[in-house]
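Q: Data: my_file_23.txt, compact mmCIF, C-alpha atoms.
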```
# COMPACT_ATOMS: atom_id res chain seq x y z
CA MET A 76 95.97 -83.14 -90.49
CA ARG A 77 94.41 -79.68 -90.67
CA LYS A 78 97.84 -78.04 -90.84
CA LYS A 79 98.84 -80.24 -93.78
CA LEU A 80 95.58 -79.39 -95.62
CA ALA A 81 96.15 -75.65 -95.10
CA VAL A 82 99.70 -75.92 -96.43
CA ILE A 83 98.48 -77.80 -99.53
CA VAL A 84 95.78 -75.15 -100.22
CA ALA A 85 98.32 -72.32 -99.86
CA ILE A 86 100.75 -74.05 -102.24
CA ALA A 87 97.96 -74.60 -104.77
CA LEU A 88 96.92 -70.92 -104.67
CA ALA A 89 100.52 -69.80 -105.13
CA VAL A 90 100.95 -72.08 -108.13
CA LEU A 91 97.73 -70.78 -109.72
CA THR A 92 98.80 -67.15 -109.20
CA ILE A 93 102.25 -67.70 -110.73
CA THR A 94 100.72 -69.58 -113.67
CA ALA A 95 98.26 -66.73 -114.38
CA GLN A 96 101.04 -64.15 -114.28
CA LEU A 97 103.22 -66.17 -116.63
CA PHE A 98 100.30 -66.64 -119.04
CA SER A 99 99.53 -62.90 -119.07
CA ALA A 100 103.17 -62.02 -119.69
CA ALA A 101 103.42 -64.58 -122.47
CA ARG A 102 100.27 -63.27 -124.15
CA HIS A 103 101.56 -59.68 -123.91
CA THR A 104 104.92 -60.76 -125.41
CA VAL A 105 103.17 -62.50 -128.29
CA GLY A 106 101.01 -59.43 -128.88
CA ASN A 107 104.02 -57.13 -128.95
CA THR A 108 105.80 -59.49 -131.34
CA HIS A 109 102.79 -59.39 -133.67
CA HIS A 110 102.65 -55.60 -133.35
CA THR A 111 106.36 -55.29 -134.23
CA ALA A 112 105.93 -57.62 -137.18
CA GLN A 113 103.11 -55.52 -138.54
CA HIS A 114 105.37 -52.43 -138.45
CA SER A 115 108.49 -54.15 -139.76
CA GLY A 116 108.17 -52.22 -143.03
CA LEU A 117 108.07 -48.81 -141.38
CA ALA A 118 110.90 -46.37 -141.90
CA ASP A 119 110.08 -44.72 -138.57
CA TRP A 120 107.01 -43.96 -136.52
CA ILE A 121 105.98 -42.53 -133.15
CA ALA A 122 103.03 -43.87 -131.18
CA GLY A 123 101.05 -42.40 -128.35
CA PRO A 124 97.63 -42.64 -126.73
CA GLY A 125 95.13 -39.97 -127.72
CA ARG A 126 91.56 -38.80 -127.26
CA ILE A 127 89.15 -37.53 -129.93
CA GLU A 128 87.94 -33.93 -129.49
CA PRO A 129 86.18 -31.38 -131.70
CA ILE A 130 88.33 -28.85 -133.54
CA SER A 131 87.02 -26.14 -131.22
CA GLU A 132 87.85 -28.29 -128.17
CA ASP A 133 85.12 -28.74 -125.56
CA ILE A 134 83.42 -25.41 -124.84
CA GLN A 135 81.69 -25.37 -121.48
CA LEU A 136 78.92 -22.76 -121.36
CA GLY A 137 77.95 -21.45 -117.95
CA SER A 138 75.79 -18.61 -116.68
CA GLN A 139 77.14 -15.17 -115.78
CA LEU A 140 74.38 -14.90 -113.17
CA SER A 141 73.20 -17.16 -110.40
CA GLY A 142 69.61 -18.30 -110.68
CA LYS A 143 67.18 -21.05 -111.65
CA LEU A 144 66.92 -22.48 -115.15
CA LYS A 145 63.65 -21.51 -116.81
CA SER A 146 64.30 -23.61 -119.91
CA VAL A 147 66.92 -25.76 -121.63
CA ASN A 148 66.16 -25.60 -125.33
CA VAL A 149 68.48 -28.32 -126.74
CA LEU A 150 69.35 -31.97 -126.25
CA GLU A 151 72.67 -33.78 -126.49
CA GLY A 152 73.59 -34.29 -130.12
CA ASP A 153 71.55 -31.33 -131.39
CA THR A 154 73.12 -29.06 -134.00
CA VAL A 155 73.33 -25.43 -132.85
CA HIS A 156 74.19 -22.16 -134.56
CA LYS A 157 76.15 -19.15 -133.40
CA GLY A 158 73.94 -16.83 -131.35
CA GLN A 159 71.23 -19.45 -130.78
CA VAL A 160 69.61 -19.35 -127.32
CA LEU A 161 70.39 -22.69 -125.68
CA ALA A 162 69.06 -22.07 -122.17
CA VAL A 163 67.25 -19.31 -120.24
CA LEU A 164 67.27 -18.35 -116.56
CA ASP A 165 64.21 -17.07 -114.71
CA ASN A 166 64.32 -13.38 -115.64
CA ASP A 167 61.02 -11.71 -114.71
CA ASP A 168 62.75 -9.38 -112.24
CA TYR A 169 65.45 -8.42 -114.74
CA ARG A 170 62.80 -7.73 -117.41
CA ALA A 171 60.91 -5.46 -114.97
CA GLU A 172 64.10 -3.54 -114.15
CA LEU A 173 64.74 -3.05 -117.85
CA ALA A 174 61.21 -1.75 -118.48
CA SER A 175 61.54 0.70 -115.58
CA ALA A 176 64.87 1.97 -116.84
CA ALA A 177 63.51 2.41 -120.37
CA ALA A 178 60.56 4.47 -119.06
CA GLU A 179 62.95 6.67 -117.09
CA VAL A 180 64.96 7.33 -120.24
CA GLU A 181 61.82 8.42 -122.10
CA ALA A 182 60.96 10.84 -119.31
CA LYS A 183 64.44 12.37 -119.32
CA GLU A 184 64.39 12.70 -123.11
CA ALA A 185 61.13 14.65 -122.86
CA THR A 186 62.64 16.92 -120.21
CA LEU A 187 65.65 17.64 -122.39
CA ARG A 188 63.45 18.48 -125.37
CA LYS A 189 61.44 20.86 -123.22
CA VAL A 190 64.55 22.59 -121.93
CA THR A 191 66.07 22.83 -125.41
CA ASN A 192 62.97 23.92 -127.33
CA GLY A 193 61.45 26.19 -124.68
CA ALA A 194 57.71 26.75 -124.15
CA ARG A 195 55.11 26.07 -126.79
CA THR A 196 53.19 28.89 -128.50
CA GLN A 197 50.05 28.04 -126.55
CA GLU A 198 51.95 28.38 -123.27
CA ARG A 199 53.32 31.76 -124.30
CA ASP A 200 49.86 33.01 -125.34
CA GLU A 201 48.38 31.84 -122.07
CA ALA A 202 51.14 33.52 -120.07
CA LEU A 203 50.67 36.78 -121.97
CA ALA A 204 46.92 36.72 -121.30
CA ARG A 205 47.61 36.33 -117.59
CA VAL A 206 50.04 39.25 -117.69
CA ARG A 207 47.40 41.47 -119.29
CA GLU A 208 44.82 40.34 -116.78
CA ALA A 209 47.15 41.09 -113.89
CA GLN A 210 47.98 44.47 -115.44
CA ALA A 211 44.29 45.38 -115.62
CA VAL A 212 43.76 44.35 -112.00
CA MET A 213 46.77 46.40 -110.96
CA ALA A 214 45.54 49.48 -112.90
CA ASN A 215 42.13 49.19 -111.29
CA ALA A 216 43.67 48.81 -107.83
CA GLU A 217 45.88 51.86 -108.48
CA ALA A 218 42.87 53.98 -109.52
CA GLU A 219 40.96 52.99 -106.39
CA LEU A 220 43.98 53.77 -104.26
CA MET A 221 44.32 57.25 -105.77
CA ARG A 222 40.64 57.98 -105.16
CA ARG A 223 40.79 56.72 -101.55
CA ARG A 224 43.91 58.82 -100.96
CA GLU A 225 42.05 62.02 -101.96
CA LEU A 226 39.11 61.07 -99.78
CA TYR A 227 41.43 60.27 -96.88
CA GLN A 228 43.19 63.62 -97.26
CA SER A 229 39.77 65.31 -97.25
CA GLY A 230 38.84 63.39 -94.10
CA VAL A 231 35.97 61.54 -95.76
CA VAL A 232 37.39 58.01 -95.25
CA SER A 233 39.32 56.56 -92.38
CA ARG A 234 42.98 55.71 -92.35
CA GLU A 235 42.18 52.00 -92.10
CA GLU A 236 40.16 52.11 -95.33
CA PHE A 237 42.95 53.96 -97.12
CA GLU A 238 45.55 51.40 -95.96
CA HIS A 239 43.27 48.53 -97.07
CA TYR A 240 43.24 49.81 -100.66
CA ASN A 241 46.93 50.48 -100.46
CA ARG A 242 47.54 46.81 -99.60
CA GLU A 243 45.28 45.64 -102.44
CA TYR A 244 47.31 47.71 -104.86
CA ASP A 245 50.57 46.21 -103.56
CA VAL A 246 49.20 42.65 -104.01
CA ALA A 247 48.01 43.41 -107.53
CA LYS A 248 51.40 44.89 -108.36
CA GLU A 249 53.24 41.78 -107.10
CA GLN A 250 50.97 39.44 -109.08
CA TYR A 251 51.56 41.49 -112.21
CA GLN A 252 55.32 41.34 -111.68
CA GLU A 253 55.23 37.57 -111.11
CA LYS A 254 53.25 36.88 -114.26
CA SER A 255 55.46 39.24 -116.26
CA ASP A 256 58.58 37.38 -115.09
CA HIS A 257 57.02 34.05 -116.01
CA TYR A 258 56.15 35.33 -119.47
CA SER A 259 59.69 36.63 -119.95
CA LEU A 260 61.10 33.26 -118.91
CA LEU A 261 59.01 31.46 -121.51
CA ASN A 262 60.27 33.81 -124.20
CA THR A 263 63.91 33.54 -123.19
CA SER A 264 66.14 30.85 -124.76
CA SER A 265 67.31 28.03 -122.46
CA ARG A 266 70.38 28.63 -120.38
CA GLU A 267 73.46 26.61 -121.20
CA GLU A 268 73.70 25.16 -117.71
CA ASP A 269 70.06 24.01 -117.80
CA VAL A 270 70.65 22.17 -121.08
CA ALA A 271 73.89 20.62 -119.77
CA PHE A 272 72.16 19.41 -116.62
CA ALA A 273 69.29 17.86 -118.60
CA GLU A 274 71.76 16.13 -120.95
CA ALA A 275 73.79 14.72 -118.05
CA ASP A 276 70.61 13.50 -116.37
CA LEU A 277 69.62 11.74 -119.59
CA ARG A 278 73.03 10.08 -119.95
CA LEU A 279 72.76 8.74 -116.40
CA THR A 280 69.40 7.14 -117.07
CA GLN A 281 70.69 5.72 -120.36
CA ALA A 282 73.59 4.12 -118.50
CA ASN A 283 71.13 2.60 -116.03
CA GLU A 284 69.10 1.24 -118.93
CA ALA A 285 72.24 -0.25 -120.54
CA GLU A 286 73.13 -1.94 -117.25
CA ALA A 287 69.62 -3.35 -116.92
CA GLN A 288 69.76 -4.56 -120.53
CA ALA A 289 73.12 -6.26 -119.94
CA LYS A 290 71.79 -8.10 -116.89
CA TYR A 291 68.70 -9.19 -118.79
CA ASP A 292 70.80 -10.40 -121.74
CA LYS A 293 72.92 -12.51 -119.38
CA THR A 294 69.87 -14.61 -118.52
CA PHE A 295 70.06 -16.03 -122.06
CA ILE A 296 72.83 -18.62 -122.59
CA LYS A 297 73.78 -18.45 -126.27
CA SER A 298 76.04 -20.54 -128.48
CA PRO A 299 79.29 -18.78 -129.43
CA ILE A 300 79.86 -21.09 -132.43
CA ASP A 301 78.20 -23.36 -134.95
CA GLY A 302 78.50 -26.87 -133.54
CA ILE A 303 76.76 -29.66 -131.67
CA VAL A 304 75.70 -30.18 -128.06
CA LEU A 305 78.09 -32.66 -126.48
CA ARG A 306 76.53 -32.74 -123.02
CA THR A 307 73.82 -31.08 -120.91
CA HIS A 308 74.81 -30.69 -117.27
CA HIS A 309 71.59 -29.18 -115.84
CA ARG A 310 67.84 -29.58 -116.29
CA ILE A 311 64.91 -27.18 -116.12
CA GLY A 312 64.29 -25.93 -112.59
CA GLU A 313 67.80 -26.60 -111.32
CA SER A 314 69.80 -23.77 -109.82
CA VAL A 315 73.07 -22.65 -111.38
CA THR A 316 75.80 -20.42 -110.00
CA ASN A 317 77.82 -17.64 -111.55
CA SER A 318 80.50 -19.51 -113.51
CA ALA A 319 82.87 -16.56 -113.23
CA SER A 320 83.40 -17.44 -109.56
CA VAL A 321 82.57 -21.17 -109.40
CA PRO A 322 82.75 -23.37 -112.53
CA ASP A 323 79.22 -24.67 -113.09
CA PRO A 324 78.66 -25.47 -116.79
CA VAL A 325 75.12 -25.73 -118.09
CA LEU A 326 76.09 -27.19 -121.47
CA THR A 327 79.18 -28.41 -123.29
CA ILE A 328 79.32 -27.80 -127.04
CA GLY A 329 81.92 -28.20 -129.76
CA ASP A 330 82.53 -27.67 -133.46
CA ALA A 331 82.79 -31.24 -134.72
CA HIS A 332 82.83 -30.62 -138.47
CA LEU A 333 86.51 -31.50 -138.09
CA LEU A 334 87.96 -33.77 -135.41
CA ARG A 335 91.30 -33.62 -133.68
CA VAL A 336 93.25 -36.03 -131.52
CA ARG A 337 95.10 -34.81 -128.45
CA VAL A 338 98.11 -37.13 -128.26
CA ASP A 339 100.61 -37.70 -125.46
CA ILE A 340 104.12 -38.02 -126.97
CA ASP A 341 106.79 -39.57 -124.75
CA GLU A 342 109.66 -37.26 -123.84
CA THR A 343 112.09 -39.59 -125.64
CA ASP A 344 110.31 -38.98 -128.97
CA VAL A 345 109.63 -35.24 -128.90
CA ASN A 346 112.57 -34.45 -131.19
CA LYS A 347 110.99 -36.51 -133.98
CA VAL A 348 107.62 -34.75 -134.17
CA ARG A 349 107.05 -32.01 -136.76
CA VAL A 350 104.01 -30.02 -137.81
CA GLY A 351 102.60 -31.39 -141.07
CA GLN A 352 103.61 -35.03 -140.52
CA ARG A 353 101.00 -37.58 -141.57
CA ALA A 354 99.39 -39.63 -138.83
CA TYR A 355 96.58 -42.08 -138.30
CA VAL A 356 94.59 -43.45 -135.39
CA THR A 357 93.05 -46.80 -134.57
CA ALA A 358 90.53 -47.88 -131.97
CA ASP A 359 89.21 -51.20 -130.70
CA ALA A 360 85.67 -50.33 -131.81
CA TYR A 361 86.81 -49.85 -135.43
CA GLY A 362 88.96 -52.94 -135.82
CA ASN A 363 91.80 -52.54 -138.32
CA GLN A 364 90.45 -49.31 -139.81
CA LYS A 365 92.93 -46.43 -140.08
CA ILE A 366 91.65 -42.88 -139.76
CA TRP A 367 94.19 -40.51 -141.28
CA GLY A 368 95.21 -36.98 -140.44
CA HIS A 369 98.25 -34.77 -139.90
CA VAL A 370 100.03 -32.98 -137.07
CA VAL A 371 98.82 -29.37 -136.71
CA GLN A 372 100.22 -28.30 -133.34
CA ILE A 373 103.02 -29.33 -130.99
CA GLY A 374 103.03 -28.31 -127.35
CA GLU A 375 105.72 -26.22 -125.73
CA LEU A 376 105.68 -27.63 -122.20
CA LEU A 377 106.25 -31.20 -121.06
CA GLY A 378 103.92 -32.45 -118.37
CA PRO A 379 102.21 -35.54 -116.91
CA LYS A 380 100.20 -37.94 -119.05
CA THR A 381 96.73 -36.65 -119.84
CA VAL A 382 95.33 -39.68 -121.68
CA ARG A 383 95.31 -42.92 -119.68
CA THR A 384 94.96 -46.33 -121.32
CA ASP A 385 94.38 -48.26 -118.05
CA GLU A 386 96.98 -50.85 -119.10
CA PRO A 387 98.97 -52.43 -116.24
CA THR A 388 102.24 -51.72 -118.05
CA GLU A 389 101.41 -48.06 -118.72
CA ARG A 390 104.25 -45.69 -117.79
CA VAL A 391 103.18 -42.62 -115.83
CA ASP A 392 106.55 -41.66 -114.36
CA ARG A 393 107.73 -39.87 -117.50
CA LYS A 394 106.99 -36.47 -118.97
CA PHE A 395 104.84 -36.15 -122.08
CA LEU A 396 104.25 -33.49 -124.73
CA GLU A 397 100.73 -32.77 -125.92
CA THR A 398 100.45 -32.85 -129.71
CA LEU A 399 97.37 -32.19 -131.83
CA VAL A 400 96.57 -34.28 -134.88
CA GLU A 401 93.79 -33.02 -137.14
CA LEU A 402 91.87 -35.84 -138.82
CA ASP A 403 91.01 -35.61 -142.51
CA PRO A 404 87.53 -34.21 -143.39
CA GLY A 405 84.82 -36.83 -143.20
CA ALA A 406 86.18 -38.67 -140.18
CA GLN A 407 83.33 -39.69 -137.91
CA LEU A 408 84.34 -40.78 -134.43
CA PRO A 409 82.69 -40.17 -131.07
CA VAL A 410 84.10 -37.22 -129.18
CA GLY A 411 86.04 -38.46 -126.17
CA LEU A 412 86.97 -41.81 -127.74
CA ARG A 413 90.41 -43.08 -126.71
CA VAL A 414 92.58 -44.08 -129.67
CA ASP A 415 96.10 -45.21 -130.50
CA THR A 416 97.86 -42.58 -132.60
CA PHE A 417 100.74 -43.24 -134.98
CA ILE A 418 102.76 -40.33 -136.34
CA LEU A 419 104.79 -41.17 -139.43
CA THR A 420 108.20 -39.55 -139.56
CA ASP A 421 108.77 -40.67 -143.17
CA GLY A 422 105.79 -39.35 -145.13
CA GLU A 423 106.93 -40.79 -148.46
CA GLN A 424 106.38 -44.35 -147.23
CA ALA A 425 103.00 -43.67 -145.61
CA SER A 426 101.11 -45.72 -148.16
CA ALA A 427 103.23 -48.79 -147.37
CA PHE A 428 102.47 -48.79 -143.67
CA SER A 429 100.38 -51.69 -142.49
CA GLN A 430 97.60 -51.53 -139.95
CA PRO A 431 98.62 -51.55 -136.24
CA SER A 432 96.83 -53.72 -133.73
CA ALA A 433 94.37 -52.56 -131.11
CA PHE A 434 94.87 -50.72 -127.82
CA GLY A 435 96.29 -53.49 -125.70
CA ASN A 436 99.11 -54.42 -128.09
CA SER A 437 100.11 -50.99 -129.38
CA ARG A 438 103.39 -49.31 -128.66
CA ALA A 439 101.40 -46.45 -127.20
CA SER A 440 99.91 -48.66 -124.50
CA ASN A 441 103.34 -49.53 -123.21
CA ARG A 442 104.13 -45.89 -122.36
```
Rewrite the coordinates I just gave you, this time as structure tokens.
A:
Amino acid sequence: MRKKLAVIVAIALAVLTITAQLFSAARHTVGNTHHTAQHSGLADWIAGPGRIEPISEDIQLGSQLSGKLKSVNVLEGDTVHKGQVLAVLDNDDYRAELASAAAEVEAKEATLRKVTNGARTQERDEALARVREAQAVMANAEAELMRRRELYQSGVVSREEFEHYNREYDVAKEQYQEKSDHYSLLNTSSREEDVAFAEADLRLTQANEAEAQAKYDKTFIKSPIDGIVLRTHHRIGESVTNSASVPDPVLTIGDAHLLRVRVDIDETDVNKVRVGQRAYVTADAYGNQKIWGHVVQIGELLGPKTVRTDEPTERVDRKFLETLVELDPGAQLPVGLRVDTFILTDGEQASAFSQPSAFGNSRASNR
């Protein structure tokens, strides 16, 4: 009895499965028939699945430095302008390095001016006064030495006393010579090698300042275009890595004043596509509305499908050619929306073309 019941249940499940498959196939056949009927007046057309993108494509902005986000200044959907600061990394250490480098440049600039211009008038006057003072001391020491020499020769003073005054004269003479040399140096123009060394030293510190400035500037993530924020990937306080080594976008932006559709064209239709051909797109969310545009770019390399429709009958074993369709100004569709795209190969009859059906029944969904 149990075996008979199990057999009956299995047969019933099989019948239900076959019935569901037949119903789905019949519905798909009816849909395709309706789709073909709607396009019966077309001279020729090419269909393919596509995805809406801004004219600039998606621009992912990352950081050139690794660090922690100090601020994110925009939200998704915000309008941004070229050069606007969108996010900032913690940069206190980079700001301190820049201030230190700037101070070093100021010091080296002062040194170069001193070497180039020489001593000030006050310094020269002071040096000359010291020379005259040393000269007077030396003259006095020389007079005392001469007097002690006569007394020593007469036997009035000892040899030790004579040698003491002789040493004082030698010291006074050396001090006079030193101060005279210093005064001469202040009055002499700078040597070429001294100026060259000071200039090279300044250039080195300026290079260090430029490097510190560049690092500091990299802590500010700026918009390279006028556009809108499509997505924010990180929040304040989160750590980000250097995107030059590991892709880690902070924001995604795009110029959406014009929209484009990236379309996958089947390899069997690539010979029919030309730049300038009129085209339109449809989407489930917009019913029978056609959004018009024209082909602006055709790819050079066939590859795998990039836009998937998730239809069971979708073909993924063929090669496809990416084609760009630019929508007419004023088109307002969400970026990333999947659409059916129809490229008209006979532009003169474009106005006579009727509206195609939605995703599931389009020729594009059968690719």
Q: Would you compute the distance between atom CA of A:Lys293 and atom CA of A:Thr280? Give it in Å to one decimal.
A: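 Between atom CA of A:Lys293 and atom CA of A:Thr280 the gap is 20.1 Å.
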Q: My list of candidates is A:Leu164, A:Ala216, A:Asp269, A:Glu179. Which is closest to A:Asn192 when distances are computed with only C-alpha atoms?
A: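 Among A:Leu164, A:Ala216, A:Asp269, A:Glu179, it is A:Asp269 that comes nearest to A:Asn192.
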Q: So how far away is atom CA of A:Met213 from atom CA of A:Glu201, in Å?
A: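 Spanning atom CA of A:Glu201 to atom CA of A:Met213 is a straight-line distance of 18.4 Å.
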Q: If we count all atoms listed in the file, what is near A:Glu284 at a cut-off of 12 Å, once residues fewer than 5 positions away on the same chain are taken out, given as a list in words?
A: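 So the residues in contact are Tyr169, Arg170, Ala171, Glu172, Leu173, Ala174, Ser175, Ala176, Ala177, Ala178, Glu179, Val180, Glu181, Leu277, Arg278, Leu279, Ala289, Lys290 and Tyr291 of chain A.
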Q: I want to know what sits within 10 Å of stretch 145-150 of chain A, based on all atoms listed in the file, with residues of the same chain fewer than 5 positions away left out; could you give that as an mmCIF file with C-alpha atoms, keeping the file's coordinate frame?
A:
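File written: around_31.cif
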```
data_model
loop_
_atom_site.group_PDB
_atom_site.id
_atom_site.type_symbol
_atom_site.label_atom_id
_atom_site.label_comp_id
_atom_site.auth_asym_id
_atom_site.auth_seq_id
_atom_site.Cartn_x
_atom_site.Cartn_y
_atom_site.Cartn_z
ATOM 1 C CA VAL A 155 73.330 -25.430 -132.850
ATOM 2 C CA GLN A 159 71.230 -19.450 -130.780
ATOM 3 C CA VAL A 160 69.610 -19.350 -127.320
ATOM 4 C CA LEU A 161 70.390 -22.690 -125.680
ATOM 5 C CA ALA A 162 69.060 -22.070 -122.170
ATOM 6 C CA VAL A 163 67.250 -19.310 -120.240
ATOM 7 C CA LEU A 164 67.270 -18.350 -116.560
ATOM 8 C CA ASP A 165 64.210 -17.070 -114.710
ATOM 9 C CA ASN A 166 64.320 -13.380 -115.640
ATOM 10 C CA THR A 294 69.870 -14.610 -118.520
ATOM 11 C CA PHE A 295 70.060 -16.030 -122.060
ATOM 12 C CA ILE A 296 72.830 -18.620 -122.590
ATOM 13 C CA ILE A 303 76.760 -29.660 -131.670
ATOM 14 C CA VAL A 304 75.700 -30.180 -128.060
ATOM 15 C CA LEU A 305 78.090 -32.660 -126.480
ATOM 16 C CA ARG A 306 76.530 -32.740 -123.020
ATOM 17 C CA THR A 307 73.820 -31.080 -120.910
ATOM 18 C CA HIS A 309 71.590 -29.180 -115.840
ATOM 19 C CA ARG A 310 67.840 -29.580 -116.290
ATOM 20 C CA ILE A 311 64.910 -27.180 -116.120
ATOM 21 C CA GLY A 312 64.290 -25.930 -112.590
ATOM 22 C CA GLU A 313 67.800 -26.600 -111.320
ATOM 23 C CA SER A 314 69.800 -23.770 -109.820
ATOM 24 C CA VAL A 325 75.120 -25.730 -118.090
ATOM 25 C CA LEU A 326 76.090 -27.190 -121.470
#
```
Q: Applying 7 Å and all atoms listed in the file, which residues near stretch 403-420 of chain A remain after dropping the ones on its own chain fewer than 2 positions away? List them as a PyMOL selection string.
A: chain A and resi 119-129+333+338+347+352-358+366-368+401+422+425+434+439
Q: Using all atoms listed in the file, which of the listed residues (A:His369, A:Arg335, A:Lys157, A:Lys143) sits closest to A:Asp301?
A: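 Among the listed residues, the smallest separation from A:Asp301 belongs to A:Lys157.
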Q: Mind giving me the straight-line distance from atom CA of A:Val321 to atom CA of A:Asp168 in Å, one decimal?
A: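 Atom CA of A:Asp168 lies 23.2 Å from atom CA of A:Val321.
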Q: Which residue gives the smallest distance to A:Glu274 among A:Thr327, A:Thr186, A:Ser259, A:Thr398, with all atoms listed in the file counted?
A: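 With all atoms listed in the file as the atom set, the closest residue is A:Thr186.
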Q: Could you check which of A:Pro379, A:Gln250, A:Glu268, A:Ile373 is closest to A:Glu208, using only C-alpha atoms?
A: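 Using only C-alpha atoms, A:Glu208 sits closest to A:Gln250.
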Q: Using all atoms listed in the file, pick whichever of A:Arg224, A:Arg188, A:Arg234, A:Lys254 has the shortest atom-to-atom distance to A:Val206.
A: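 Checking each candidate against A:Val206, we get A:Lys254 as the closest.
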